[in-house]
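Here is the structure we will look at, set down as C-alpha cells.
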Amino acid sequence: MDVTIIVCSLNAVDEHVHKINSYNNKGLSYEILVCSDVTTRGLDNVRYIEDPKTSVKAFNTCYKQSSGDFILTFPGGVTPRGDMFNMIDHLNGLKYKVSAFSGEGGSPCWIPDWAVYMYNLDTCRRCGSINNRSQILRYMYNLDNRSQILRFPAFHRDFIETNLEGVIFNESFCHHYVDNWLGAFCGKHFGSTENSNLRIVTERNHKSVTKYDEHDKKIFQQLLKNNGSYNYKTSVE
C-alpha cells in the first residue's frame, strides 16, 4: 500500500471520504482509516477503527493498524484539497520525510514564545551557545529560528519508526499541544516545516475540544524542559 490517510473525528466523515476518493491519486494505492463513533456503510477504501476516546490514542491506534508507506493525517474539522496527493512528491524530496499541510491561507503557525525560550535555552542552530537573556530574546523573536507547529502532519513510515519511536503523537498527551510538540521536536532536530502550497479547508461550524487543554499544556512544558526523546513518557498531577 502506498498511502494511508487517517481521519479522526467526533462526527461523520462521509464528505471527507467522498472528496478524497474523487481526487487525482496519481496512480497511488491508498486506504482511508477512520476513527469515529459515527459510521457509514459502503464508503469506498475505508476501514473503521474503534474509537479509543482521545484523539492522540485515535491517531496512534490508526497508525498501528495502517499499511501505507506514507501517512497523511487529518482531524475531522478539516478537509484536504484536491492536490493532497502532491504531498507524497514533497516528502520524497526531503531528507527527513516529515512535513504538514498548512491552513487555508498558507501561512505557518509558530510555536509559542515561551516554548521557544524553554526548548532553545542552551543552543541555537545558527549562533551556537546562548548565554544571556538579551541573546535569548533576540533569538526567540527571529522567526527564522522558531519551529513551526505541524498542524496536519504527513510522514514516511520509516521516519515515524526511526525518529518518533513508532507513534504519530507523544502518548502522554490527550488532545491539545501534540502538534506543537511535534513541530518543536522536528523543527529543532530536522528543520521540518509545513508546506505552504498544500492546504486544508476548515469546516466553518467546527468546535474544538478544550477539556484537556490545561493538562496537555503542562505535558508540553514537561517535554520541553526534559529535552529528551520524542515519545518520552511524562505526567502531571
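Chain labels run A, B, ... following the order of the C-alpha cells; each chain numbers its residues from 1, and ligands are numbered from 1 in the order shown.
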Close residues, stretch 53-70 of chain A itself excluded, 10 Å, only C-alpha atoms, min 5 positions apart in chain, as a ChimeraX atom specification:
/A:1-10,29-37,47-48,75,87-88,91-92,97-98,154-160,166-176,178,209,212
Among stretch 35-104 of chain A, which residues does DSSP mark as alpha helix (DSSP H) when it is run on the backbone? Keep the chain and numbering as in the structure and answer as a ChimeraX atom specification.
/A:55-64,86-92
Selection above as a file: N, CA and C atoms, as an mmCIF file, in the first residue's frame:
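So the final result, stored in result-v1.cif, reads:
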```
data_model
loop_
_atom_site.group_PDB
_atom_site.id
_atom_site.type_symbol
_atom_site.label_atom_id
_atom_site.label_comp_id
_atom_site.auth_asym_id
_atom_site.auth_seq_id
_atom_site.Cartn_x
_atom_site.Cartn_y
_atom_site.Cartn_z
ATOM 1 N N SER A 55 -8.037 11.839 21.061
ATOM 2 C CA SER A 55 -7.554 11.972 19.682
ATOM 3 C C SER A 55 -6.136 11.440 19.529
ATOM 4 N N VAL A 56 -5.303 11.579 20.557
ATOM 5 C CA VAL A 56 -3.944 11.061 20.468
ATOM 6 C C VAL A 56 -3.966 9.543 20.333
ATOM 7 N N LYS A 57 -4.753 8.878 21.164
ATOM 8 C CA LYS A 57 -4.876 7.426 21.056
ATOM 9 C C LYS A 57 -5.479 7.034 19.706
ATOM 10 N N ALA A 58 -6.419 7.847 19.213
ATOM 11 C CA ALA A 58 -7.062 7.535 17.934
ATOM 12 C C ALA A 58 -6.050 7.549 16.791
ATOM 13 N N PHE A 59 -5.265 8.610 16.687
ATOM 14 C CA PHE A 59 -4.271 8.691 15.609
ATOM 15 C C PHE A 59 -3.216 7.590 15.741
ATOM 16 N N ASN A 60 -2.745 7.363 16.961
ATOM 17 C CA ASN A 60 -1.710 6.342 17.145
ATOM 18 C C ASN A 60 -2.245 4.938 16.889
ATOM 19 N N THR A 61 -3.484 4.683 17.284
ATOM 20 C CA THR A 61 -4.082 3.373 17.030
ATOM 21 C C THR A 61 -4.259 3.148 15.527
ATOM 22 N N CYS A 62 -4.737 4.181 14.843
ATOM 23 C CA CYS A 62 -4.875 4.067 13.383
ATOM 24 C C CYS A 62 -3.528 3.791 12.729
ATOM 25 N N TYR A 63 -2.496 4.492 13.183
ATOM 26 C CA TYR A 63 -1.172 4.257 12.598
ATOM 27 C C TYR A 63 -0.733 2.814 12.794
ATOM 28 N N LYS A 64 -0.932 2.273 13.985
ATOM 29 C CA LYS A 64 -0.512 0.903 14.272
ATOM 30 C C LYS A 64 -1.228 -0.098 13.363
ATOM 31 N N ASN A 86 -0.121 15.410 -3.816
ATOM 32 C CA ASN A 86 1.173 16.033 -4.112
ATOM 33 C C ASN A 86 2.096 16.012 -2.891
ATOM 34 N N MET A 87 1.513 15.795 -1.709
ATOM 35 C CA MET A 87 2.338 15.706 -0.511
ATOM 36 C C MET A 87 3.344 14.562 -0.627
ATOM 37 N N ILE A 88 3.011 13.513 -1.344
ATOM 38 C CA ILE A 88 3.938 12.394 -1.485
ATOM 39 C C ILE A 88 5.187 12.830 -2.252
ATOM 40 N N ASP A 89 4.995 13.611 -3.322
ATOM 41 C CA ASP A 89 6.146 14.144 -4.060
ATOM 42 C C ASP A 89 6.997 15.032 -3.159
ATOM 43 N N HIS A 90 6.307 15.852 -2.362
ATOM 44 C CA HIS A 90 7.028 16.751 -1.454
ATOM 45 C C HIS A 90 7.862 15.957 -0.454
ATOM 46 N N LEU A 91 7.275 14.947 0.163
ATOM 47 C CA LEU A 91 8.007 14.140 1.139
ATOM 48 C C LEU A 91 9.187 13.419 0.495
ATOM 49 N N ASN A 92 8.989 12.928 -0.705
ATOM 50 C CA ASN A 92 10.064 12.219 -1.390
ATOM 51 C C ASN A 92 11.262 13.121 -1.682
#
```
Using only C-alpha atoms: which of A:Thr193, A:Thr73, A:Asn45, A:Asn231 has the shortest distance to A:Ser147:
A:Thr193
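The space separating atom CA of A:Leu224 from atom CA of A:Gln148 comes to 14.8 Å.
What separates atom CA of A:Phe74 from atom CA of A:Asn180 is a distance of 15.4 Å.
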Applying 8 Å and only C-alpha atoms, which residues near A:Tyr230 remain after dropping the ones on its own chain fewer than 3 positions away? List them as a ChimeraX atom specification.
/A:163-165,170,182,185
